[in-house]
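S.K.: File name protein.pdb; file contents PDB, C-alpha atoms and all ligand atoms; full text below.
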ATOM      1  CA  MET A  48     -40.979-114.021  79.312
ATOM      2  CA  CYS A  49     -43.113-114.946  82.319
ATOM      3  CA  TRP A  50     -45.936-112.468  81.710
ATOM      4  CA  TYR A  51     -49.064-113.737  79.983
ATOM      5  CA  ASP A  52     -49.385-110.241  78.521
ATOM      6  CA  PRO A  53     -45.917-108.670  78.262
ATOM      7  CA  GLU A  54     -47.547-105.358  77.312
ATOM      8  CA  ASN A  55     -49.765-105.309  80.420
ATOM      9  CA  PRO A  56     -49.894-101.608  81.334
ATOM     10  CA  ALA A  57     -50.023-102.440  85.056
ATOM     11  CA  ALA A  58     -46.432-103.671  84.923
ATOM     12  CA  VAL A  59     -43.232-101.642  85.121
ATOM     13  CA  PHE A  60     -40.529-103.858  83.678
ATOM     14  CA  MET A  61     -36.984-103.028  84.781
ATOM     15  CA  ASP A  62     -33.815-104.615  83.443
ATOM     16  CA  ASN A  63     -30.224-103.407  83.294
ATOM     17  CA  ARG A  64     -29.952-103.987  79.537
ATOM     18  CA  GLU A  65     -31.785-103.563  76.270
ATOM     19  CA  LEU A  66     -31.186-106.267  73.715
ATOM     20  CA  GLU A  67     -32.412-107.655  70.408
ATOM     21  CA  ALA A  68     -30.818-110.937  69.381
ATOM     22  CA  LEU A  69     -31.577-114.044  67.343
ATOM     23  CA  LEU A  70     -31.572-117.200  69.447
ATOM     24  CA  CYS A  71     -30.192-120.487  68.120
ATOM     25  CA  ASP A  72     -33.713-121.738  67.344
ATOM     26  CA  GLY A  73     -34.242-118.708  65.091
ATOM     27  CA  ARG A  74     -36.581-116.927  67.523
ATOM     28  CA  LEU A  75     -36.075-113.240  68.176
ATOM     29  CA  LEU A  76     -35.258-112.318  71.774
ATOM     30  CA  ARG A  77     -36.269-108.796  72.697
ATOM     31  CA  VAL A  78     -35.378-107.295  76.081
ATOM     32  CA  ARG A  79     -37.177-103.975  76.095
ATOM     33  CA  PRO A  80     -37.580-102.741  79.670
ATOM     34  CA  ASP A  81     -39.744 -99.725  80.518
ATOM     35  CA  ILE A  82     -36.875 -98.608  82.722
ATOM     36  CA  VAL A  83     -33.204 -99.482  82.450
ATOM     37  CA  GLY A  84     -31.985 -99.801  86.018
ATOM     38  CA  ASP A  85     -30.044-101.883  88.499
ATOM     39  CA  PHE A  86     -31.912-104.073  90.974
ATOM     40  CA  ARG A  87     -29.206-103.248  93.536
ATOM     41  CA  ASN A  88     -30.173 -99.584  93.464
ATOM     42  CA  MET A  89     -33.660 -99.184  92.019
ATOM     43  CA  PRO A  90     -34.797 -95.828  90.669
ATOM     44  CA  PHE A  91     -38.055 -95.884  92.683
ATOM     45  CA  PRO A  92     -38.992 -94.222  95.976
ATOM     46  CA  CYS A  93     -39.607 -96.407  99.023
ATOM     47  CA  CYS A  94     -43.087 -97.958  99.254
ATOM     48  CA  SER A  95     -43.907 -97.549  95.547
ATOM     49  CA  PHE A  96     -45.472-100.939  94.784
ATOM     50  CA  ARG A  97     -47.975-103.462  96.135
ATOM     51  CA  LEU A  98     -46.397-106.315  94.175
ATOM     52  CA  VAL A  99     -42.803-106.888  93.089
ATOM     53  CA  VAL A 100     -41.557-109.807  91.007
ATOM     54  CA  PHE A 101     -37.818-110.430  91.409
ATOM     55  CA  ASP A 102     -36.519-112.676  88.654
ATOM     56  CA  PRO A 103     -32.731-112.282  88.656
ATOM     57  CA  PRO A 104     -30.253-114.299  86.577
ATOM     58  CA  HIS A 105     -29.676-117.738  88.077
ATOM     59  CA  LEU A 106     -26.632-118.889  86.078
ATOM     60  CA  LEU A 107     -23.013-118.604  87.207
ATOM     61  CA  ARG A 108     -21.668-120.593  84.306
ATOM     62  CA  ALA A 109     -22.849-119.723  80.798
ATOM     63  CA  GLY A 110     -20.736-118.680  77.820
ATOM     64  CA  GLU A 111     -20.701-114.940  77.229
ATOM     65  CA  ASN A 112     -22.358-115.316  73.830
ATOM     66  CA  SER A 113     -24.457-118.374  74.664
ATOM     67  CA  TRP A 114     -28.225-118.234  74.146
ATOM     68  CA  LEU A 115     -28.670-118.954  77.868
ATOM     69  CA  ALA A 116     -26.689-115.846  78.796
ATOM     70  CA  LYS A 117     -28.569-113.802  76.202
ATOM     71  CA  LYS A 118     -31.908-114.967  77.479
ATOM     72  CA  TYR A 119     -31.406-114.970  81.255
ATOM     73  CA  GLY A 120     -28.281-112.881  81.885
ATOM     74  CA  ARG A 121     -25.519-114.150  84.188
ATOM     75  CA  LEU A 122     -24.547-113.828  87.834
ATOM     76  CA  ASP A 123     -21.197-112.271  88.641
ATOM     77  CA  LYS A 124     -19.017-115.100  89.971
ATOM     78  CA  LEU A 125     -17.406-112.911  92.652
ATOM     79  CA  THR A 126     -20.228-110.654  93.795
ATOM     80  CA  TRP A 127     -23.463-112.607  93.196
ATOM     81  CA  ARG A 128     -24.283-113.111  96.880
ATOM     82  CA  ASP A 129     -23.934-109.431  97.688
ATOM     83  CA  ASP A 130     -25.765-108.501  94.465
ATOM     84  CA  LEU A 131     -28.774-110.676  95.318
ATOM     85  CA  ARG A 132     -28.726-109.609  98.974
ATOM     86  CA  GLN A 133     -28.861-105.998  97.844
ATOM     87  CA  GLY A 134     -31.562-106.872  95.288
ATOM     88  CA  PHE A 135     -33.771-108.404  97.992
ATOM     89  CA  ARG A 136     -33.218-105.363 100.198
ATOM     90  CA  GLU A 137     -34.286-103.078  97.370
ATOM     91  CA  CYS A 138     -37.382-105.180  96.602
ATOM     92  CA  PHE A 139     -38.543-104.793 100.201
ATOM     93  CA  ARG A 140     -37.687-101.090 100.229
ATOM     94  CA  VAL A 141     -39.840-100.306  97.184
ATOM     95  CA  LEU A 142     -42.746-102.444  98.480
ATOM     96  CA  LYS A 143     -45.467-100.911 100.616
ATOM     97  CA  PRO A 144     -45.937-102.566 104.037
ATOM     98  CA  PHE A 145     -47.933-105.777 103.529
ATOM     99  CA  GLY A 146     -46.846-105.694  99.888
ATOM    100  CA  VAL A 147     -46.001-109.017  98.247
ATOM    101  CA  LEU A 148     -42.685-110.090  96.756
ATOM    102  CA  VAL A 149     -42.678-112.991  94.312
ATOM    103  CA  PHE A 150     -39.205-114.427  93.790
ATOM    104  CA  LYS A 151     -38.360-116.791  90.962
ATOM    105  CA  TRP A 152     -35.324-119.052  91.061
ATOM    106  CA  ASN A 153     -34.058-121.953  88.992
ATOM    107  CA  GLU A 154     -31.632-124.107  90.977
ATOM    108  CA  GLN A 155     -29.834-125.673  88.044
ATOM    109  CA  GLN A 156     -26.505-124.208  89.261
ATOM    110  CA  VAL A 157     -27.143-122.621  92.682
ATOM    111  CA  LYS A 158     -29.350-124.335  95.255
ATOM    112  CA  LEU A 159     -32.435-122.488  96.394
ATOM    113  CA  ASN A 160     -31.472-122.539 100.089
ATOM    114  CA  GLU A 161     -28.190-120.742  99.314
ATOM    115  CA  VAL A 162     -30.209-117.912  97.825
ATOM    116  CA  VAL A 163     -33.080-117.798 100.298
ATOM    117  CA  GLU A 164     -30.618-117.089 103.088
ATOM    118  CA  LEU A 165     -29.687-113.838 101.317
ATOM    119  CA  ALA A 166     -33.224-112.490 101.810
ATOM    120  CA  PRO A 167     -33.847-110.384 104.937
ATOM    121  CA  MET A 168     -36.727-112.661 105.994
ATOM    122  CA  PRO A 169     -37.948-116.154 105.149
ATOM    123  CA  PRO A 170     -40.576-116.750 102.466
ATOM    124  CA  LEU A 171     -44.159-117.567 103.485
ATOM    125  CA  PHE A 172     -44.707-120.346 100.991
ATOM    126  CA  GLY A 173     -43.742-121.451  97.522
ATOM    127  CA  GLN A 174     -43.913-124.046  94.850
ATOM    128  CA  ARG A 175     -41.520-126.803  95.862
ATOM    129  CA  ALA A 176     -41.440-129.286  93.000
ATOM    130  CA  GLY A 177     -38.976-129.316  90.126
ATOM    131  CA  LYS A 178     -36.016-127.002  89.587
ATOM    132  CA  THR A 179     -37.855-123.719  89.077
ATOM    133  CA  HIS A 180     -39.199-122.208  92.286
ATOM    134  CA  TRP A 181     -41.676-119.426  92.920
ATOM    135  CA  LEU A 182     -41.499-118.083  96.464
ATOM    136  CA  VAL A 183     -43.866-115.616  98.092
ATOM    137  CA  PHE A 184     -42.808-113.083 100.739
ATOM    138  CA  MET A 185     -44.770-110.301 102.452
ATOM    139  CA  LYS A 186     -43.244-107.081 103.754
ATOM    140  CA  PRO A 187     -44.148-106.845 107.441
ATOM    141  CA  MET A 188     -45.321-103.785 109.332
ATOM    142  CA  PRO A 189     -42.688-103.005 112.002
ATOM    143  CA  GLU A 190     -43.991-104.239 115.366
ATOM    144  CA  ALA A 191     -42.917-101.032 117.111
ATOM    145  CA  LEU A 192     -45.558 -99.075 115.213
ATOM    146  CA  GLU A 193     -48.357-101.282 116.471
ATOM    147  CA  HIS A 194     -47.708 -99.916 119.982
ATOM    148  CA  LEU A 195     -48.092 -96.295 118.884
ATOM    149  CA  GLY A 196     -51.814 -96.695 118.368
ATOM    150  CA  MET A 197     -51.789 -95.611 114.714
ATOM    151  CA  ASP A 198     -54.328 -96.859 112.242
ATOM    152  CA  GLU A 199     -52.996 -98.873 109.336
ATOM    153  CA  GLU A 200     -52.852 -95.951 106.925
ATOM    154  CA  GLN A 201     -50.888 -93.743 109.351
ATOM    155  CA  ALA A 202     -48.541 -96.614 110.115
ATOM    156  CA  GLN A 203     -47.949 -97.214 106.399
ATOM    157  CA  GLU A 204     -47.186 -93.547 105.795
ATOM    158  CA  THR A 205     -44.802 -93.505 108.730
ATOM    159  CA  VAL A 206     -42.926 -96.564 107.511
ATOM    160  CA  CYS A 207     -42.625 -95.033 104.044
ATOM    161  CA  ALA A 208     -41.418 -91.669 105.355
ATOM    162  CA  LEU A 209     -38.826 -93.298 107.606
ATOM    163  CA  GLU A 210     -37.600 -95.565 104.833
ATOM    164  CA  ASN A 211     -37.245 -92.623 102.480
ATOM    165  CA  VAL A 212     -35.215 -90.745 105.076
ATOM    166  CA  VAL A 213     -32.898 -93.717 105.626
ATOM    167  CA  HIS A 214     -32.559 -94.248 101.883
ATOM    168  CA  ASP A 215     -31.741 -90.576 101.273
ATOM    169  CA  LEU A 216     -29.182 -90.579 104.062
ATOM    170  CA  VAL A 217     -27.536 -93.737 102.786
ATOM    171  CA  HIS A 218     -27.342 -92.171  99.326
ATOM    172  CA  GLY A 219     -25.785 -88.989 100.629
ATOM    173  CA  LYS A 220     -28.751 -86.632 100.375
ATOM    174  CA  THR A 221     -28.391 -84.065 103.047
ATOM    175  CA  HIS A 222     -31.668 -83.138 104.727
ATOM    176  CA  ALA A 223     -31.973 -83.815 108.421
ATOM    177  CA  PRO A 224     -34.426 -86.607 109.278
ATOM    178  CA  SER A 225     -36.327 -84.433 111.751
ATOM    179  CA  GLN A 226     -37.072 -81.837 109.034
ATOM    180  CA  VAL A 227     -38.365 -84.442 106.659
ATOM    181  CA  LEU A 228     -40.651 -85.957 109.260
ATOM    182  CA  GLN A 229     -41.963 -82.564 110.341
ATOM    183  CA  SER A 230     -42.610 -81.573 106.766
ATOM    184  CA  ARG A 231     -44.751 -84.670 106.396
ATOM    185  CA  ASP A 232     -46.880 -83.744 109.415
ATOM    186  CA  PHE A 233     -45.865 -86.631 111.607
ATOM    187  CA  ASP A 234     -46.105 -86.285 115.308
ATOM    188  CA  ILE A 235     -43.823 -89.047 116.517
ATOM    189  CA  GLU A 236     -40.780 -89.019 118.731
TER     190      GLU A 236
HETATM  191  C1  LIG A 301     -34.278-114.436  84.270
HETATM  192  S1  LIG A 301     -34.153-112.953  83.373
HETATM  193  C2  LIG A 301     -35.653-112.068  83.680
HETATM  194  C3  LIG A 301     -36.725-112.383  82.713
HETATM  195  C4  LIG A 301     -37.998-111.581  82.893
HETATM  196  N1  LIG A 301     -38.563-111.753  84.215
HETATM  197  C5  LIG A 301     -39.050-111.976  81.863
HETATM  198  O1  LIG A 301     -40.044-112.605  82.239
HETATM  199  O2  LIG A 301     -38.831-111.681  80.700
HETATM  200  C6  LIG A 301     -33.024-112.041  84.380
HETATM  201  C7  LIG A 301     -32.779-110.642  83.868
HETATM  202  O3  LIG A 301     -32.084-109.900  84.889
HETATM  203  C8  LIG A 301     -31.324-108.924  84.219
HETATM  204  N2  LIG A 301     -30.304-108.409  85.162
HETATM  205  C9  LIG A 301     -29.098-108.925  85.476
HETATM  206  N3  LIG A 301     -28.481-108.175  86.397
HETATM  207  C10 LIG A 301     -29.326-107.141  86.671
HETATM  208  C11 LIG A 301     -29.240-106.020  87.534
HETATM  209  N4  LIG A 301     -28.178-105.808  88.332
HETATM  210  N5  LIG A 301     -30.279-105.157  87.552
HETATM  211  C12 LIG A 301     -31.368-105.358  86.762
HETATM  212  N6  LIG A 301     -31.504-106.415  85.929
HETATM  213  C13 LIG A 301     -30.495-107.296  85.882
HETATM  214  C14 LIG A 301     -30.744-109.642  83.026
HETATM  215  O4  LIG A 301     -30.377-108.726  82.022
HETATM  216  C15 LIG A 301     -31.899-110.560  82.622
HETATM  217  O5  LIG A 301     -32.626-110.033  81.544
END
Show this structure as structure tokens.

M.R.:
Amino acid sequence: MCWYDPENPAAVFMDNRELEALLCDGRLLRVRPDIVGDFRNMPFPCCSFRLVVFDPPHLLRAGENSWLAKKYGRLDKLTWRDDLRQGFRECFRVLKPFGVLVFKWNEQQVKLNEVVELAPMPPLFGQRAGKTHWLVFMKPMPEALEHLGMDEEQAQETVCALENVVHDLVHGKTHAPSQVLQSRDFDIE
């Protein structure tokens, strides 16, 4: 809905559902993601994107068959905080260092500050008028790497390799971190 050109080939659109439904005003709603996936566990390697737009559902209360629920989806009343926290974590994981996250939120039912505190870092700036907010974050380069004397490209590769190792370990893949780092030609302790 928010893309000027929804068919823009630069975009990978992910949603956890596919849907075609008639809205109450007679318009056809089509949710046709390129990839069906869960923002809590995205099917992308670490450091895949320069720009991520996170536009999760913002409604806790909407009838199951209401047009609002069809159009925007719904938050789970019990788990929404953990779901969004995990979603933010995944957005930063799939971003390259210095990559930009744009987060959209409508605070009709849940205040913006309740949601911002679920992100692992504060936003840089955003649009602050009205109920719909657009916030901009940037994934930082870990400070520790600045002291290793790497250039920016080496530092980026190192961050990505380390994040992939952590992600694989968390998801039960078995290779030892030291092997992975060696196989990527890194000479760090
Ligand atoms: C506000 S809408 C996004 C609209 C979209 N940005 C656009 O411009 O068309 C929120 C979407 O998040 C989807 N969603 C809800 N839970 C999700 C999850 N766990 N993983 C991925 N998508 C999810 C819903 O199906 C809904 O289509």

S.K.: Under the rule of at most 6 Å, produce a per-residue listing of chain A near ligand LIG 301 (chain A): chain, number, name, the closest pair of atoms, and the distance in Å, as a Markdown table, using only C-alpha atoms and all ligand atoms.

M.R.:
| residue | atom | partner | partner_atom | distance |
| --- | --- | --- | --- | --- |
| A:Met48 | CA | A:LIG301 | O1 | 3.4 |
| A:Cys49 | CA | A:LIG301 | O1 | 3.9 |
| A:Trp50 | CA | A:LIG301 | O1 | 5.9 |
| A:Asp62 | CA | A:LIG301 | N6 | 3.8 |
| A:Asn63 | CA | A:LIG301 | C12 | 4.1 |
| A:Arg64 | CA | A:LIG301 | O4 | 5.4 |
| A:Gly84 | CA | A:LIG301 | C12 | 5.6 |
| A:Asp85 | CA | A:LIG301 | N5 | 3.4 |
| A:Phe86 | CA | A:LIG301 | N5 | 3.9 |
| A:Arg87 | CA | A:LIG301 | N4 | 5.9 |
| A:Asp102 | CA | A:LIG301 | N1 | 5.0 |
| A:Pro103 | CA | A:LIG301 | C6 | 4.3 |
| A:Pro104 | CA | A:LIG301 | C6 | 4.2 |
| A:Tyr119 | CA | A:LIG301 | S1 | 4.0 |
| A:Gly120 | CA | A:LIG301 | C14 | 4.2 |

S.K.: Since I can't run it myself right now, could you work out what the PyMOL selection byres (((chain A and resi 147-162) around 10) and not hetatm) selects here and report it as a PyMOL selection string?

M.R.: chain A and resi 96-108+127-128+131-132+135+138-139+142-146+163-166+170+173-174+177-187

S.K.: Do you have the CA of His218 (chain A)-CA of Val141 (chain A) distance handy?

M.R.: 15.1 Å

S.K.: So what does the PyMOL selection byres (((chain A and resi 59) around 9) and not hetatm) actually pick up in this one, as a list of chain:residue names?

M.R.: A:Asn55, A:Pro56, A:Ala57, A:Ala58, A:Phe60, A:Met61, A:Pro80, A:Asp81, A:Ile82

S.K.: Only C-alpha atoms, please: the residues just picked out, written as a PDB file, in the coordinates of the input.

M.R.:
ATOM      1  CA  ASN A  55     -49.765-105.309  80.420  1.00  0.00           C
ATOM      2  CA  PRO A  56     -49.894-101.608  81.334  1.00  0.00           C
ATOM      3  CA  ALA A  57     -50.023-102.440  85.056  1.00  0.00           C
ATOM      4  CA  ALA A  58     -46.432-103.671  84.923  1.00  0.00           C
ATOM      5  CA  PHE A  60     -40.529-103.858  83.678  1.00  0.00           C
ATOM      6  CA  MET A  61     -36.984-103.028  84.781  1.00  0.00           C
ATOM      7  CA  PRO A  80     -37.580-102.741  79.670  1.00  0.00           C
ATOM      8  CA  ASP A  81     -39.744 -99.725  80.518  1.00  0.00           C
ATOM      9  CA  ILE A  82     -36.875 -98.608  82.722  1.00  0.00           C
TER      10      ILE A  82
END

S.K.: What is the distance, in Å and to one decimal place, between CA of Asn211 (chain A) and CA of Met188 (chain A)?

M.R.: 15.4 Å

S.K.: So the first atom is CA of Gly134 (chain A) and the second is CA of Glu200 (chain A); what is the distance between them in Å, to one decimal place?

M.R.: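 Computing the Euclidean distance for CA of Gly134 (chain A) and CA of Glu200 (chain A) yields 26.6 Å.
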
S.K.: Looking at only C-alpha atoms, which of A:Lys117, A:His214, A:Arg74, A:Lys220 is the one that sits closest to Pro90 (chain A)?

M.R.: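 Comparing A:Lys117, A:His214, A:Arg74, A:Lys220 against Pro90 (chain A), the winner is A:His214.
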